[in-house]
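Report on the following structure.
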Amino acid sequence: MCSNFPIERLDGKKIGMSSASHTSRVLLKILMKKFFDVQPSYLSSRPYEDLTNYDAALIIGNDAMTDKVNSVPYKYDLGELWFEKTGFPIVFAVFVVRRETFKQNPSGVKAVVNSYASSIQLLGQEKEKIIIKAKQKYPDISYDVDNYYDTLQFEFVDNLKKAFRYYLSLAEETAFLPRVESLEFIDGF
C-alpha cells in the first residue's frame, strides 16, 4: 500500500482499492481494523492508482515494485505487516475445490494438480531463465527480482495451512468474509 499519510493516520481517509487481488483487499481491511484501529473509506480503483484522488492506494504485484511507488511518502508491504502483527506468513493464493466437484470429477481435479506440480518443478529447474524473462518483460521493476523469487513458497506446508486458517478466522471476526463452515486440505492423491 502507498500512502500520503502514516498508516495510523488513515482513519476517515480515502483508500483506493485495486480489484487485482481479493485476498489483499481483505487483508488490508483486517490490518486496518484489527491492528491499527482505523476505519478509512474504501473505494474501488484501477490496479495501479496514483494518489491524486486518494489518500492511500492498495497496489498489487508488479505495479507495487516500480519506481513510481518509490516517490510516495509512505509504503507498506502487507505481507510484512501481517507477519509483524500476527507472526504468520500470508497465503495469497490457494487452489480451492468444492467437495462435490472433487467427488464428481476426481480425475479432472487431479489433472489440474498435476499440471500445477509440473509448473512448480519447472520453476525450480529454470529459475535463472524465468528471472531473466521477468526482467525483460517488466523492465520498470525496481525490486530485486532474484530476492523476491526466493521468498515465494509454492508448497502448502503445515505452517501455511495454520496461517491460512488464522487469516480466515480474522476475516470472519472482522466481518470481511463469511464464515467458512468446513475446510479440508488434500495433500496429493
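Residues are named by chain letter and number: chains run A, B, ... in the order of the C-alpha cells, numbers start at 1 in each chain, and ligands are numbered from 1 in the order shown.
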Output as a count of residues only all residues of stretch 3-184 of chain A that backbone DSSP marks as helix (DSSP H, G or I).
95
Go through stretch 74-103 of chain A residue by residue and, counting only C-alpha atoms, keep those with an atom at most 12 Å from stretch 38-60 of chain A; for each kept residue give the shortest atom pair and its distance in Å to one decimal, ordered by chain and increasing number, as JSON lines.
```
{"residue": "A:Tyr74", "atom": "CA", "partner": "A:Ala56", "partner_atom": "CA", "distance": 8.9}
{"residue": "A:Lys75", "atom": "CA", "partner": "A:Ala56", "partner_atom": "CA", "distance": 9.4}
{"residue": "A:Tyr76", "atom": "CA", "partner": "A:Leu58", "partner_atom": "CA", "distance": 9.4}
{"residue": "A:Asp77", "atom": "CA", "partner": "A:Ile59", "partner_atom": "CA", "distance": 9.7}
{"residue": "A:Leu78", "atom": "CA", "partner": "A:Leu58", "partner_atom": "CA", "distance": 9.3}
{"residue": "A:Gly79", "atom": "CA", "partner": "A:Ile60", "partner_atom": "CA", "distance": 11.4}
{"residue": "A:Phe92", "atom": "CA", "partner": "A:Ile60", "partner_atom": "CA", "distance": 11.1}
```
What's the separation between atom CA of A:Phe88 and atom CA of A:Asp11, in Å to one decimal place?
25.2 Å
Option closest in space to A:Glu155, from A:Ser142, A:Pro106, A:Phe83, A:Ile120 [counting only C-alpha atoms]
A:Ile120
Looking at A:Phe185, A:Tyr148, A:Tyr143, A:Phe176, which one is nearest to A:Leu28, with distances taken over only C-alpha atoms?
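Checking each candidate against A:Leu28, we get A:Phe176 as the closest.
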A:Ser182 environment, 12 Å, only C-alpha atoms, sequence neighbours closer than 5 positions dropped, as a ChimeraX atom specification
/A:98-99,165,168-169
Preceding selection exported with C-alpha atoms as a PDB file, in the first residue's frame:
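New file selection-v8.pdb:
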```pdb
ATOM      1  CA  ARG A  98     -15.781 -27.776  -3.701  1.00  0.00           C
ATOM      2  CA  ARG A  99     -16.166 -31.225  -2.199  1.00  0.00           C
ATOM      3  CA  ARG A 165      -6.919 -20.775   8.884  1.00  0.00           C
ATOM      4  CA  LEU A 168      -9.943 -16.858   7.569  1.00  0.00           C
ATOM      5  CA  SER A 169     -10.785 -16.627  11.282  1.00  0.00           C
TER       6      SER A 169
END
```
So how many Å separate atom CA of A:Ala117 and atom CA of A:Glu100, to one decimal?
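A separation of 22.8 Å between them.
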Looking only at strand (DSSP E or B) from DSSP on the backbone, list the matching residues of stretch 9-183 of chain A as a PyMOL selection string.
chain A and resi 14-18+41-45+56-58+66+74-75+141
So the first atom is atom CA of A:Ile7 and the second is atom CA of A:Leu31; what is the distance between them in Å, to one decimal place?
10.0 Å
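Of the listed residues (A:Ala134, A:Leu152, A:Val97, A:Met32), A:Met32 comes nearest to A:Trp82; the distances count only C-alpha atoms.
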Just want the 8 Å neighbourhood of A:Val91, counted on only C-alpha atoms, with same-chain residues fewer than 6 positions away dropped. Output as a short mmCIF file (atom, residue, chain, number, x, y, z; two decimals) with C-alpha atoms, in the first residue's frame.
```cif
data_model
loop_
_atom_site.label_atom_id
_atom_site.label_comp_id
_atom_site.auth_asym_id
_atom_site.auth_seq_id
_atom_site.Cartn_x
_atom_site.Cartn_y
_atom_site.Cartn_z
CA LEU A 160 0.95 -22.13 5.84
CA ALA A 163 -1.66 -19.26 8.73
CA PHE A 164 -4.47 -19.61 6.20
#
```
If you count only C-alpha atoms, the residue of A:Arg179, A:Asn62, A:Met17, A:Phe35 closest to A:Glu84 turns out to be A:Phe35
Counting only C-alpha atoms, what is within 12 Å of A:Ala93, bar same-chain residues fewer than 3 positions away, as a PDB file with C-alpha atoms, in the first residue's frame?
```pdb
ATOM      1  CA  SER A  21      -6.437  -9.327  -5.508  1.00  0.00           C
ATOM      2  CA  HIS A  22      -9.426 -10.101  -3.307  1.00  0.00           C
ATOM      3  CA  THR A  23      -7.098 -11.617  -0.693  1.00  0.00           C
ATOM      4  CA  SER A  24      -5.106  -8.382  -0.446  1.00  0.00           C
ATOM      5  CA  ILE A  90       0.270 -14.590   4.468  1.00  0.00           C
ATOM      6  CA  VAL A  96      -9.995 -24.364  -3.786  1.00  0.00           C
ATOM      7  CA  LEU A 152       7.948 -17.307  -2.863  1.00  0.00           C
ATOM      8  CA  GLN A 153       6.648 -20.557  -1.420  1.00  0.00           C
ATOM      9  CA  PHE A 154       4.690 -22.981  -3.546  1.00  0.00           C
ATOM     10  CA  GLU A 155       4.321 -25.879  -1.134  1.00  0.00           C
ATOM     11  CA  PHE A 156       1.269 -25.657   1.114  1.00  0.00           C
ATOM     12  CA  LEU A 160       0.945 -22.132   5.838  1.00  0.00           C
ATOM     13  CA  LYS A 161      -2.241 -24.112   6.454  1.00  0.00           C
ATOM     14  CA  PHE A 164      -4.474 -19.606   6.198  1.00  0.00           C
TER      15      PHE A 164
END
```
